[in-house]
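S.K.: work16.cif (mmCIF, C-alpha atoms) pasted underneath:
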data_upload
#
loop_
_atom_site.label_atom_id
_atom_site.label_comp_id
_atom_site.auth_asym_id
_atom_site.auth_seq_id
_atom_site.Cartn_x
_atom_site.Cartn_y
_atom_site.Cartn_z
CA MET A 1 0.00 0.00 0.00
CA LEU A 2 1.11 3.55 -0.77
CA ILE A 3 0.28 6.70 1.19
CA ASP A 4 -0.07 10.13 -0.41
CA SER A 5 1.58 12.20 2.30
CA HIS A 6 0.51 15.58 0.92
CA CYS A 7 -2.56 16.51 -1.12
CA HIS A 8 -5.31 19.13 -1.13
CA LEU A 9 -8.55 17.18 -1.21
CA ASP A 10 -10.70 20.21 -0.45
CA TYR A 11 -9.81 21.55 -3.91
CA PHE A 12 -11.90 18.72 -5.39
CA ASN A 13 -15.12 20.45 -4.46
CA LYS A 14 -17.73 19.50 -7.03
CA PRO A 15 -20.61 17.35 -5.73
CA ASP A 16 -19.32 13.86 -4.86
CA GLU A 17 -15.96 14.67 -6.48
CA CYS A 18 -13.87 14.18 -3.37
CA ALA A 19 -15.39 10.77 -2.68
CA GLU A 20 -14.65 9.75 -6.27
CA VAL A 21 -11.04 10.92 -6.00
CA VAL A 22 -10.54 8.98 -2.77
CA ALA A 23 -12.10 5.86 -4.32
CA ARG A 24 -9.80 6.08 -7.36
CA ALA A 25 -6.81 6.40 -5.04
CA VAL A 26 -7.75 3.26 -3.14
CA ALA A 27 -8.28 1.39 -6.42
CA ALA A 28 -4.76 2.42 -7.48
CA GLY A 29 -3.22 1.10 -4.27
CA VAL A 30 -3.04 4.41 -2.42
CA GLY A 31 -4.71 3.40 0.78
CA GLU A 32 -4.35 6.60 2.79
CA MET A 33 -3.81 10.28 2.13
CA VAL A 34 -3.12 13.49 4.06
CA THR A 35 -5.05 16.65 3.18
CA ILE A 36 -3.17 19.80 4.04
CA GLY A 37 -3.96 23.04 5.85
CA VAL A 38 -3.05 26.32 4.15
CA THR A 39 -4.98 28.90 6.20
CA LEU A 40 -6.32 28.79 9.74
CA ALA A 41 -9.96 28.89 8.63
CA GLN A 42 -9.42 26.27 5.93
CA SER A 43 -7.53 24.07 8.39
CA ARG A 44 -10.61 23.94 10.60
CA GLU A 45 -12.75 22.96 7.62
CA ILE A 46 -10.53 20.17 6.28
CA VAL A 47 -10.72 18.44 9.64
CA LYS A 48 -14.38 17.86 8.81
CA LEU A 49 -13.34 16.43 5.43
CA ALA A 50 -10.93 14.04 7.15
CA GLU A 51 -13.72 12.95 9.48
CA ALA A 52 -15.78 11.91 6.45
CA PHE A 53 -13.22 9.32 5.25
CA PRO A 54 -11.59 6.66 7.42
CA ASN A 55 -8.43 6.72 5.28
CA VAL A 56 -7.91 10.50 5.16
CA TRP A 57 -5.79 12.45 7.65
CA ALA A 58 -5.25 16.21 7.98
CA THR A 59 -2.63 18.76 8.96
CA VAL A 60 -3.27 22.30 10.19
CA GLY A 61 -1.28 25.38 9.32
CA VAL A 62 -0.79 28.61 7.40
CA HIS A 63 1.06 28.49 4.08
CA PRO A 64 3.73 31.20 3.65
CA ASN A 65 1.81 32.74 0.77
CA HIS A 66 -1.11 33.30 3.16
CA ALA A 67 0.96 34.40 6.14
CA ALA A 68 0.02 38.09 5.97
CA GLU A 69 -3.69 37.64 5.28
CA THR A 70 -4.76 37.51 8.91
CA LEU A 71 -2.97 39.45 11.61
CA PRO A 72 -1.92 38.90 14.31
CA LEU A 73 -0.16 35.78 13.11
CA VAL A 74 -1.24 32.35 14.25
CA THR A 75 0.40 31.33 17.53
CA PRO A 76 2.05 28.01 18.35
CA GLN A 77 -0.62 27.42 20.96
CA GLU A 78 -3.48 27.92 18.47
CA LEU A 79 -1.98 25.34 16.16
CA ALA A 80 -1.28 22.95 19.00
CA GLU A 81 -4.89 23.18 20.12
CA LEU A 82 -6.13 22.21 16.65
CA THR A 83 -3.92 19.13 16.70
CA GLN A 84 -5.93 17.70 19.56
CA HIS A 85 -8.39 16.36 17.00
CA PRO A 86 -7.68 12.65 16.39
CA LYS A 87 -7.57 13.05 12.60
CA VAL A 88 -4.96 15.86 12.73
CA ILE A 89 -1.54 14.24 12.50
CA GLY A 90 0.76 17.14 11.61
CA ILE A 91 1.46 20.87 11.41
CA GLY A 92 1.55 22.87 8.18
CA GLU A 93 2.11 23.42 5.55
CA SER A 94 4.38 26.28 6.46
CA GLY A 95 7.82 27.41 5.39
CA LEU A 96 9.14 30.15 3.13
CA ASP A 97 8.32 31.12 -0.47
CA TYR A 98 10.44 33.93 -1.87
CA PHE A 99 9.46 33.12 -5.47
CA TYR A 100 5.90 34.44 -5.28
CA ASP A 101 6.71 36.67 -2.30
CA THR A 102 3.01 37.34 -1.68
CA ALA A 103 3.75 37.99 1.99
CA PRO A 104 6.62 40.10 3.34
CA GLN A 105 9.62 37.92 4.06
CA ASP A 106 9.84 38.94 7.71
CA ILE A 107 6.19 37.93 8.19
CA GLN A 108 6.86 34.61 6.47
CA ARG A 109 9.80 33.93 8.76
CA GLU A 110 7.79 34.77 11.87
CA ASN A 111 4.95 32.53 10.67
CA PHE A 112 7.41 29.71 9.98
CA ARG A 113 8.94 29.97 13.45
CA ALA A 114 5.49 29.80 15.04
CA HIS A 115 4.82 26.53 13.21
CA ILE A 116 8.18 25.13 14.28
CA ARG A 117 7.43 25.96 17.89
CA SER A 118 4.07 24.24 17.62
CA ALA A 119 5.82 21.16 16.24
CA GLN A 120 8.18 21.32 19.21
CA ILE A 121 5.25 21.55 21.63
CA THR A 122 3.24 18.71 20.07
CA GLN A 123 6.09 16.63 18.61
CA LEU A 124 3.93 16.24 15.51
CA PRO A 125 5.70 16.60 12.17
CA LEU A 126 5.90 19.93 10.38
CA CYS A 127 5.29 19.87 6.59
CA ILE A 128 7.66 22.45 5.11
CA HIS A 129 7.13 24.37 1.87
CA ALA A 130 10.43 25.61 0.43
CA ARG A 131 10.78 27.78 -2.64
CA ASP A 132 13.74 30.05 -3.41
CA ALA A 133 14.51 30.35 0.30
CA ASP A 134 16.80 27.41 1.01
CA ASP A 135 19.44 29.22 3.06
CA ASP A 136 16.91 30.95 5.31
CA ILE A 137 14.98 27.70 5.85
CA ALA A 138 18.14 25.81 6.79
CA ALA A 139 19.26 28.58 9.12
CA ILE A 140 15.88 28.80 10.87
CA LEU A 141 15.67 25.03 11.28
CA ARG A 142 19.09 25.01 12.94
CA GLU A 143 18.37 28.04 15.13
CA GLU A 144 15.05 26.76 16.41
CA THR A 145 16.48 23.28 17.04
CA ASP A 146 19.38 24.76 19.00
CA GLN A 147 17.05 27.00 21.04
CA ALA A 148 14.20 24.63 21.93
CA GLY A 149 15.13 21.14 20.80
CA ALA A 150 14.56 18.77 17.93
CA PHE A 151 11.19 18.29 16.26
CA PRO A 152 9.94 16.02 13.47
CA PHE A 153 9.62 17.53 9.99
CA LEU A 154 9.65 16.86 6.28
CA LEU A 155 10.47 18.94 3.25
CA HIS A 156 7.40 18.34 1.11
CA CYS A 157 7.37 18.21 -2.69
CA PHE A 158 11.14 18.39 -2.66
CA SER A 159 12.53 20.57 -5.45
CA SER A 160 15.27 22.44 -3.61
CA THR A 161 19.06 22.33 -3.51
CA ARG A 162 21.28 19.53 -2.32
CA ARG A 163 22.53 21.74 0.50
CA LEU A 164 18.99 22.08 1.92
CA ALA A 165 18.44 18.34 1.59
CA GLU A 166 21.66 17.66 3.48
CA ALA A 167 20.83 20.22 6.17
CA ALA A 168 17.40 18.68 6.69
CA LEU A 169 18.73 15.14 6.85
CA ALA A 170 21.39 16.19 9.36
CA LEU A 171 18.61 17.47 11.63
CA GLY A 172 16.63 14.23 11.35
CA GLY A 173 14.20 15.44 8.68
CA TYR A 174 12.51 13.52 5.88
CA LEU A 175 12.14 14.36 2.19
CA SER A 176 8.92 13.79 0.27
CA PHE A 177 8.96 13.55 -3.51
CA SER A 178 6.11 14.45 -5.85
CA GLY A 179 5.39 14.03 -9.55
CA MET A 180 8.20 16.49 -10.25
CA LEU A 181 10.52 13.51 -9.84
CA THR A 182 9.20 12.17 -13.16
CA PHE A 183 9.68 15.39 -15.14
CA PRO A 184 12.29 15.12 -17.93
CA LYS A 185 13.79 18.47 -16.94
CA ALA A 186 14.32 17.51 -13.28
CA PRO A 187 17.59 15.52 -13.30
CA GLU A 188 18.91 17.37 -10.24
CA ILE A 189 15.95 16.24 -8.14
CA ARG A 190 16.46 12.65 -9.25
CA GLU A 191 20.16 12.81 -8.36
CA ILE A 192 19.31 14.07 -4.87
CA ALA A 193 16.62 11.42 -4.45
CA LYS A 194 19.17 8.71 -5.25
CA ASP A 195 21.22 9.79 -2.24
CA VAL A 196 18.45 10.15 0.34
CA PRO A 197 18.58 7.28 2.86
CA LEU A 198 15.81 4.75 2.36
CA ASP A 199 14.44 5.41 5.84
CA ARG A 200 13.90 9.13 5.13
CA LEU A 201 11.79 8.92 1.95
CA LEU A 202 8.12 9.73 1.49
CA VAL A 203 5.94 10.13 -1.61
CA GLU A 204 3.12 12.55 -2.35
CA THR A 205 1.16 14.22 -5.12
CA ASP A 206 0.59 17.81 -3.90
CA SER A 207 -2.56 17.32 -5.98
CA PRO A 208 -4.31 18.87 -7.78
CA TYR A 209 -0.93 20.28 -8.86
CA LEU A 210 2.17 18.73 -10.48
CA ALA A 211 0.74 15.66 -12.14
CA PRO A 212 3.48 13.14 -12.96
CA VAL A 213 4.37 11.83 -16.38
CA PRO A 214 2.30 10.56 -18.25
CA PHE A 215 -0.36 13.00 -16.95
CA ARG A 216 1.78 16.14 -17.12
CA GLY A 217 -0.38 19.22 -17.65
CA LYS A 218 -3.54 17.53 -16.39
CA ARG A 219 -5.09 17.72 -12.96
CA ASN A 220 -3.23 15.62 -10.44
CA GLU A 221 -4.91 13.39 -7.85
CA PRO A 222 -3.79 10.97 -5.10
CA ALA A 223 -4.12 7.89 -7.34
CA TYR A 224 -1.08 9.13 -9.25
CA THR A 225 1.20 8.67 -6.23
CA ALA A 226 2.00 5.31 -7.79
CA TYR A 227 3.86 6.92 -10.71
CA THR A 228 6.18 8.88 -8.44
CA ALA A 229 6.78 5.81 -6.29
CA ALA A 230 7.65 3.76 -9.38
CA THR A 231 10.22 6.34 -10.49
CA LEU A 232 11.68 6.48 -6.99
CA ALA A 233 11.90 2.68 -6.87
CA GLU A 234 13.76 2.65 -10.19
CA LEU A 235 16.22 5.27 -8.94
CA LYS A 236 16.86 3.25 -5.80
CA GLY A 237 17.09 -0.08 -7.60
CA ILE A 238 14.34 -1.76 -5.62
CA SER A 239 10.94 -3.19 -6.51
CA GLY A 240 7.75 -1.19 -6.51
CA ASP A 241 6.38 -3.34 -3.70
CA ASP A 242 9.45 -2.68 -1.58
CA MET A 243 9.19 1.05 -2.21
CA ALA A 244 5.53 1.02 -1.18
CA ALA A 245 6.37 -0.88 1.99
CA LEU A 246 9.27 1.32 3.03
CA THR A 247 7.57 4.66 2.31
CA THR A 248 4.51 3.50 4.25
CA ARG A 249 6.75 2.43 7.12
CA ASN A 250 8.52 5.81 7.01
CA PHE A 251 5.19 7.59 7.01
CA ARG A 252 4.09 5.78 10.16
CA THR A 253 7.43 6.46 11.82
CA LEU A 254 7.15 10.19 11.11
CA PHE A 255 3.39 10.63 11.53
CA THR A 256 3.10 8.79 14.82
CA LYS A 257 -0.59 9.57 15.32
CA ALA A 258 -1.36 7.70 12.08
CA ALA A 259 0.39 4.63 13.47
CA ALA A 260 -1.60 4.46 16.71
#
Starting from the coordinates I provided, produce the structure as structure tokens.

M.R.:
Amino acid sequence: MLIDSHCHLDYFNKPDECAEVVARAVAAGVGEMVTIGVTLAQSREIVKLAEAFPNVWATVGVHPNHAAETLPLVTPQELAELTQHPKVIGIGESGLDYFYDTAPQDIQRENFRAHIRSAQITQLPLCIHARDADDDIAAILREETDQAGAFPFLLHCFSSTRRLAEAALALGGYLSFSGMLTFPKAPEIREIAKDVPLDRLLVETDSPYLAPVPFRGKRNEPAYTAYTAATLAELKGISGDDMAALTTRNFRTLFTKAAA
């Protein structure tokens, strides 16, 4: 069985559409999926979505692109309180995005630190969004770890530099790969994936975005996790079944509430 560790099921919002997407995922061997929080209000709503499906989990958080929309910023305690729900297994997504830069960078950094501190309080994993901000993300991860201790985290939809991958791994983090791994023009990501230890790998879709080959340019959905996993298995020189087993085991190790 595969697990889609990062998707946005609430974006499939036509009547009965979400149920159909979940059913197609199960038919494709993707037995569980995690739907992700991007604003505080939306995080509260997707918990209800997770309640509707026994194989759907949720995270709660404020994406960096939404960090300045509601002030004051979310606090670590607010996020920690939302994680008390049994279907909420992680924090995020949060992080830094200097590509779109829709929120001031200082606000993004403050928002990111709040999410880290919530992960430290709860010891639930933080899903990190990283785009054109690798050095600041690595520095903040090190600073917050030094100040208040280690916390579980993953770099989701990994498309960053080798130096960020190495910094994250050194701090005990995981890397999750999406359909980008299958793109012809992504050899650097594949080279990094080859070197990630087997016990630190996860797979995801980030659907409805970033559909893998052979669905490039179409709407992505959790069922397509299998295509990323197959590419990752080929890179690692192991079978598809072994890749499914190890990424599921890694998921349960990281997302401890989903293993209970």

S.K.: Once the PyMOL selection byres ((chain A and resi 171) around 10) has been evaluated on this model, what residues remain selected, and can you format them as a ChimeraX atom specification?

M.R.: /A:138,141-142,145,150-153,166-170,172-174

S.K.: Give me the residues of range 171-212 of chain A that have any atom at most 12 Å from an atom of range 247-255 of chain A; for each, the nearest atom pair and the distance in Å, rounded to one decimal. Use only C-alpha atoms, sort by chain and number, and format it as CSV.

M.R.:
residue,atom,partner,partner_atom,distance
A:Gly172,CA,A:Leu254,CA,10.3
A:Gly173,CA,A:Leu254,CA,9.1
A:Tyr174,CA,A:Leu254,CA,8.2
A:Leu175,CA,A:Asn250,CA,10.5
A:Ser176,CA,A:Thr247,CA,9.5
A:Phe177,CA,A:Thr247,CA,10.7
A:Pro197,CA,A:Asn250,CA,11.0
A:Leu198,CA,A:Thr247,CA,8.2
A:Asp199,CA,A:Asn250,CA,6.0
A:Arg200,CA,A:Asn250,CA,6.6
A:Leu201,CA,A:Thr247,CA,6.0
A:Leu202,CA,A:Thr247,CA,5.2
A:Val203,CA,A:Thr247,CA,6.9
A:Glu204,CA,A:Thr247,CA,10.2

S.K.: Measuring between all atoms listed in the file, which one of A:Leu40, A:Ile91, A:Ala68, A:Ala23 shows the shortest distance to Pro125 in chain A?

M.R.: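 Smallest separation from Pro125 in chain A among the options: A:Ile91.
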
S.K.: For range 29-35 of chain A, work out the shell of residues within 6 Å, counting all atoms listed in the file and skipping chain neighbours fewer than 5 positions away, then give it as a list in words.

M.R.: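 Near neighbours after the sequence-gap exclusion: Met1, Leu2, Ile3, Asp4, Ser5, His6, Cys7, His8, Leu9, Asn55, Val56, Trp57 and Ala58 of chain A.
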
S.K.: Quick one: distance from CA of His115 in chain A to CA of Ala245 in chain A in Å, one decimal?

M.R.: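 Separating CA of His115 in chain A from CA of Ala245 in chain A is a distance of 29.7 Å.
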
S.K.: Take the PyMOL selection byres ((chain A and resi 208) around 7), run it mentally on this structure, and tell me the resulting residues as number ranges by chain.

M.R.: A: 8, 206-207, 209, 219-221

S.K.: Using all atoms listed in the file, which residues sit within 12 Å of Val60 in chain A once same-chain residues fewer than 5 positions away are excluded, as JSON, numbers by chain?

M.R.: {"A": [8, 34, 35, 36, 37, 38, 39, 40, 41, 42, 43, 44, 45, 46, 47, 50, 74, 76, 78, 79, 80, 81, 82, 83, 84, 85, 87, 88, 89, 90, 91, 92, 93, 94, 115, 118, 119, 124, 125, 126, 127]}

S.K.: Store the residues picked out above, limited to C-alpha atoms, as a tab-separated table (two decimals), in the frame of the given file.

M.R.:
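This went into part27.tsv:
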chain	number	residue	atom	x	y	z
A	8	HIS	CA	-5.31	19.13	-1.13
A	34	VAL	CA	-3.12	13.49	4.06
A	35	THR	CA	-5.05	16.65	3.18
A	36	ILE	CA	-3.17	19.80	4.04
A	37	GLY	CA	-3.96	23.04	5.85
A	38	VAL	CA	-3.05	26.32	4.15
A	39	THR	CA	-4.98	28.90	6.20
A	40	LEU	CA	-6.32	28.79	9.74
A	41	ALA	CA	-9.96	28.89	8.63
A	42	GLN	CA	-9.42	26.27	5.93
A	43	SER	CA	-7.53	24.07	8.39
A	44	ARG	CA	-10.61	23.94	10.60
A	45	GLU	CA	-12.75	22.96	7.62
A	46	ILE	CA	-10.53	20.17	6.28
A	47	VAL	CA	-10.72	18.44	9.64
A	50	ALA	CA	-10.93	14.04	7.15
A	74	VAL	CA	-1.24	32.35	14.25
A	76	PRO	CA	2.05	28.01	18.35
A	78	GLU	CA	-3.48	27.92	18.47
A	79	LEU	CA	-1.98	25.34	16.16
A	80	ALA	CA	-1.28	22.95	19.00
A	81	GLU	CA	-4.89	23.18	20.12
A	82	LEU	CA	-6.13	22.21	16.65
A	83	THR	CA	-3.92	19.13	16.70
A	84	GLN	CA	-5.93	17.70	19.56
A	85	HIS	CA	-8.39	16.36	17.00
A	87	LYS	CA	-7.57	13.05	12.60
A	88	VAL	CA	-4.96	15.86	12.73
A	89	ILE	CA	-1.54	14.24	12.50
A	90	GLY	CA	0.76	17.14	11.61
A	91	ILE	CA	1.46	20.87	11.41
A	92	GLY	CA	1.55	22.87	8.18
A	93	GLU	CA	2.11	23.42	5.55
A	94	SER	CA	4.38	26.28	6.46
A	115	HIS	CA	4.82	26.53	13.21
A	118	SER	CA	4.07	24.24	17.62
A	119	ALA	CA	5.82	21.16	16.24
A	124	LEU	CA	3.93	16.24	15.51
A	125	PRO	CA	5.70	16.60	12.17
A	126	LEU	CA	5.90	19.93	10.38
A	127	CYS	CA	5.29	19.87	6.59

S.K.: Please, which residues are within 12 Å of (6.0, 32.9, 1.5) by the file's coordinates, counting only C-alpha atoms, and could they come as a ChimeraX atom specification?

M.R.: /A:38,62-69,93-112,128-133,136-137

S.K.: Please identify all polymer residues within 9 Å of Lys236 in chain A, counting all atoms listed in the file, omitting same-chain residues fewer than 5 positions from it, and present them as a list in words.

M.R.: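 Using all atoms listed in the file, the neighbours found are Ala193, Lys194, Asp195, Leu198, Thr231 and Met243 of chain A.
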
S.K.: Tell me which of A:Thr161, A:Glu234, A:Cys18, A:Gln77 sits closest to Thr122 in chain A, counting all atoms listed in the file.

M.R.: A:Gln77

S.K.: Counting all atoms listed in the file, figure out which residue out of A:Val22, A:Ala148, A:Leu71, A:Leu49 gets nearest to Gln123 in chain A.

M.R.: A:Ala148

S.K.: Can you pull out every residue within 12 Å of Arg190 in chain A, counting all atoms listed in the file, but drop anything in the same chain fewer than 5 positions away, and send it as a PDB file with C-alpha atoms, in the frame of the given file?

M.R.:
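Generated output (result-v7.pdb):
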ATOM      1  CA  PHE A 158      11.140  18.390  -2.660  1.00  0.00           C
ATOM      2  CA  SER A 159      12.530  20.570  -5.450  1.00  0.00           C
ATOM      3  CA  SER A 160      15.270  22.440  -3.610  1.00  0.00           C
ATOM      4  CA  THR A 161      19.060  22.330  -3.510  1.00  0.00           C
ATOM      5  CA  ARG A 162      21.280  19.530  -2.320  1.00  0.00           C
ATOM      6  CA  PHE A 177       8.960  13.550  -3.510  1.00  0.00           C
ATOM      7  CA  SER A 178       6.110  14.450  -5.850  1.00  0.00           C
ATOM      8  CA  GLY A 179       5.390  14.030  -9.550  1.00  0.00           C
ATOM      9  CA  MET A 180       8.200  16.490 -10.250  1.00  0.00           C
ATOM     10  CA  LEU A 181      10.520  13.510  -9.840  1.00  0.00           C
ATOM     11  CA  THR A 182       9.200  12.170 -13.160  1.00  0.00           C
ATOM     12  CA  PHE A 183       9.680  15.390 -15.140  1.00  0.00           C
ATOM     13  CA  PRO A 184      12.290  15.120 -17.930  1.00  0.00           C
ATOM     14  CA  LYS A 185      13.790  18.470 -16.940  1.00  0.00           C
ATOM     15  CA  ASP A 195      21.220   9.790  -2.240  1.00  0.00           C
ATOM     16  CA  VAL A 196      18.450  10.150   0.340  1.00  0.00           C
ATOM     17  CA  THR A 228       6.180   8.880  -8.440  1.00  0.00           C
ATOM     18  CA  THR A 231      10.220   6.340 -10.490  1.00  0.00           C
ATOM     19  CA  LEU A 232      11.680   6.480  -6.990  1.00  0.00           C
ATOM     20  CA  ALA A 233      11.900   2.680  -6.870  1.00  0.00           C
ATOM     21  CA  GLU A 234      13.760   2.650 -10.190  1.00  0.00           C
ATOM     22  CA  LEU A 235      16.220   5.270  -8.940  1.00  0.00           C
ATOM     23  CA  LYS A 236      16.860   3.250  -5.800  1.00  0.00           C
TER      24      LYS A 236
END

S.K.: Could you please determine the separation between CA of Arg24 in chain A and CA of Leu210 in chain A in Å, to one decimal place?

M.R.: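 CA of Leu210 in chain A lies 17.7 Å from CA of Arg24 in chain A.
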
S.K.: CA of Glu188 in chain A and CA of Ala139 in chain A, how far apart in Å?

M.R.: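 That distance, rounded to one decimal, is 22.4 Å.
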
S.K.: Using all atoms listed in the file, which residue out of A:Lys48, A:Gln120, A:Asp10, A:Pro187 lies closest to Asp146 in chain A?

M.R.: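 Of A:Lys48, A:Gln120, A:Asp10, A:Pro187, the one nearest Asp146 in chain A is A:Gln120, counting all atoms listed in the file.
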
S.K.: Go ahead and fit an axis-aligned box to every listed atom of range 18-27 of chain A plus 3 Å each side, and pass me the centre and edge lengths in Å, one decimal, as lines of an AutoDock Vina configuration file.

M.R.:
center_x = -11.1
center_y = 7.8
center_z = -5.0
size_x = 14.6
size_y = 18.8
size_z = 10.7

S.K.: Between A:Ile140, A:Thr205, A:Thr59, A:Arg163, which has the minimum distance to Pro222 in chain A (counting all atoms listed in the file)?

M.R.: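 Looking at the shortest contact to Pro222 in chain A, the residue is A:Thr205.
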
S.K.: Counting all atoms listed in the file, which residue out of A:Glu144, A:Asp134, A:Glu191, A:Asp242 sits closest to Arg117 in chain A?

M.R.: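 The answer is A:Glu144, which sits nearest to Arg117 in chain A.
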